[in-house]
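A short write-up of the structure that comes next.
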Amino acid sequence: MPRILLLGGSGGYSLPAGALGRRVGTRRLRTPFGPAGPVHLYERDGFRYFFLSRHGERRYETAAPYVNYRANVFAAKELGVERIVAWSGPGAVSPGMRPGELALPDDLLDFTRGRPGTFYEGLGIGFLRQFPVFCAALRGALLDAWKGGARRPKMHDGGTYACTEGPRLETPAEVRFLRRAGADMVGMTLCPEAFLARELEICYAPVVYLANYAEGVRRMPYRRGALFEGMLEAGAEERVDRARDAIVPLALAAGRALAGAKRDCPCAVAMERYRRGGRVGPDFRTWVAPPKGRRE
C-alpha cells in the first residue's frame, strides 16, 4: 500500500481531468474523532498514492474552520501513511511574492482559535518540539522535484505561513500585524493539521500556491462578484490555476523519490520520549483521547 497522502486544498475538487491519474478505490473511515473525508487511492504512471480533498469532493463545501483535521490525520495514520504533502492557497503578504507563484513554507504562525488542536486532550503527553516545523526530508524532495522538472511557476524556498481562523478574510490592520510578526503569506488550513501529523509521527510538508494578495498589500479596488472581490488582479486567474495544477506532479515526483526510503527525521520519532518512558505503546490508537461523550 502507498505510504504517502496528497492532501488537496482549495481547488483540489476542480483539477483537470486525469490530473490525479487513475482512481483505484476509495476508503471512507470513521475515527474516534468522527468521519474523515473520503480517501481515494490513485495510480499514476505506476505510482500509487492516497488523495484527500480537504474542502469537499465537487466544490468548496467545507470552509477551513470546519474541516475535521483530527479525523483526516487519524485516518491517514490508520491507512499506513508515513508522509503527507499538503497544499494550500494562501494570500501573499511579503512584497516579494505574487499570485501565481509557488512556495515551500518553513515556519508557521498559528492564529486559529476554535479548532481542536491535539489528539491528547486531557492527557499528560504531546509536549512536542516544533522544530523543524515541517519535515526537512520531504521539503527537500519537493524542492529537488521542482528543480528537476519542466518549466514551472516561480518557487519560493521558505517563508512563514500565518494561519488565521476564517472563514472571513483578514482586515488590512490584521495583515499589517501579521507582516510585522514575520508572516510572508496568510492562509487558513495548515494549523492544526501540521501539529496533528507530528503527534502521530507522520512527516508533513506543505507546498502552496499564492492565490491572491492579502488585504492592503496592494491598493486593489473592490470588484463586485469577482473572485475574492478584487484581491486578485483581473486576468490573473489563469496564472494562479497553472500554479495550483503544478502541485500534483510536483508532489508525486517527491513521493517517488522517497518511496521505500527509510525515514530518519524528527517527525518519525516525535513520541520517542513517551515510548521510552512507557507512556505510549506500539499501537497509536491507544495514544489518543477521543472527545468526551463520543463513541465511534
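Ordered as shown in the C-alpha cells, chains take letters A, B, and onward, while each chain numbers its residues from 1 and ligands are numbered from 1 in the order shown.
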
Per residue of range 193-260 of chain A within 12 Å of range 276-287 of chain A, which atom pair is closest and at what distance in Å (one decimal), using only C-alpha atoms, listed by chain and increasing number, as JSON lines?
{"residue": "A:Glu199", "atom": "CA", "partner": "A:Trp287", "partner_atom": "CA", "distance": 9.6}
{"residue": "A:Leu200", "atom": "CA", "partner": "A:Phe284", "partner_atom": "CA", "distance": 7.1}
{"residue": "A:Glu201", "atom": "CA", "partner": "A:Phe284", "partner_atom": "CA", "distance": 9.4}
{"residue": "A:Ile202", "atom": "CA", "partner": "A:Phe284", "partner_atom": "CA", "distance": 11.5}

Please produce a file of the residues just selected, as a PDB file, in the first residue's frame, where the atoms kept are C-alpha atoms.
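Saved as part18.pdb:
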ATOM      1  CA  GLU A 199       1.644  13.958  17.154  1.00  0.00           C
ATOM      2  CA  LEU A 200       1.126  10.757  15.133  1.00  0.00           C
ATOM      3  CA  GLU A 201       4.708  10.751  13.810  1.00  0.00           C
ATOM      4  CA  ILE A 202       3.734  11.468  10.200  1.00  0.00           C
TER       5      ILE A 202
END

request  = For range 18-32 of chain A, work out the shell of residues within 9 Å, counting only C-alpha atoms and skipping chain neighbours fewer than 4 positions away, then give it as number ranges by chain.
outcome  = A: 36-45, 48, 51, 70-72, 74-75, 78, 245, 248-249, 288-291, 294-296

message = Going by DSSP on the backbone, which residues of range 120-296 of chain A come out as strand (DSSP E or B)? List them as a VMD selection string.
response = chain A and resid 155 to 157 160 to 164 185 to 187 203 to 209 212 to 213 215 218

message = So that I can check the surroundings of range 4-8 of chain A, please list as a ChimeraX atom specification every protein, DNA and RNA residue that reaches within 9 Å of it, counting only C-alpha atoms and ignoring chain neighbours fewer than 5 positions away.
response = /A:13,39,48-55,76,80-88,248,251-252,255,259

inquiry  = Please list as a count of residues only every residue within 7 Å of range 112-119 of chain A, counting only C-alpha atoms and excluding residues in the same chain fewer than 3 positions away.
reply    = 8

message = For a quick check of understanding, using only C-alpha atoms, which of A:Phe127, A:Phe33, A:Tyr161, A:Tyr69 has the smallest distance to Arg273 in chain A?
response = A:Phe127
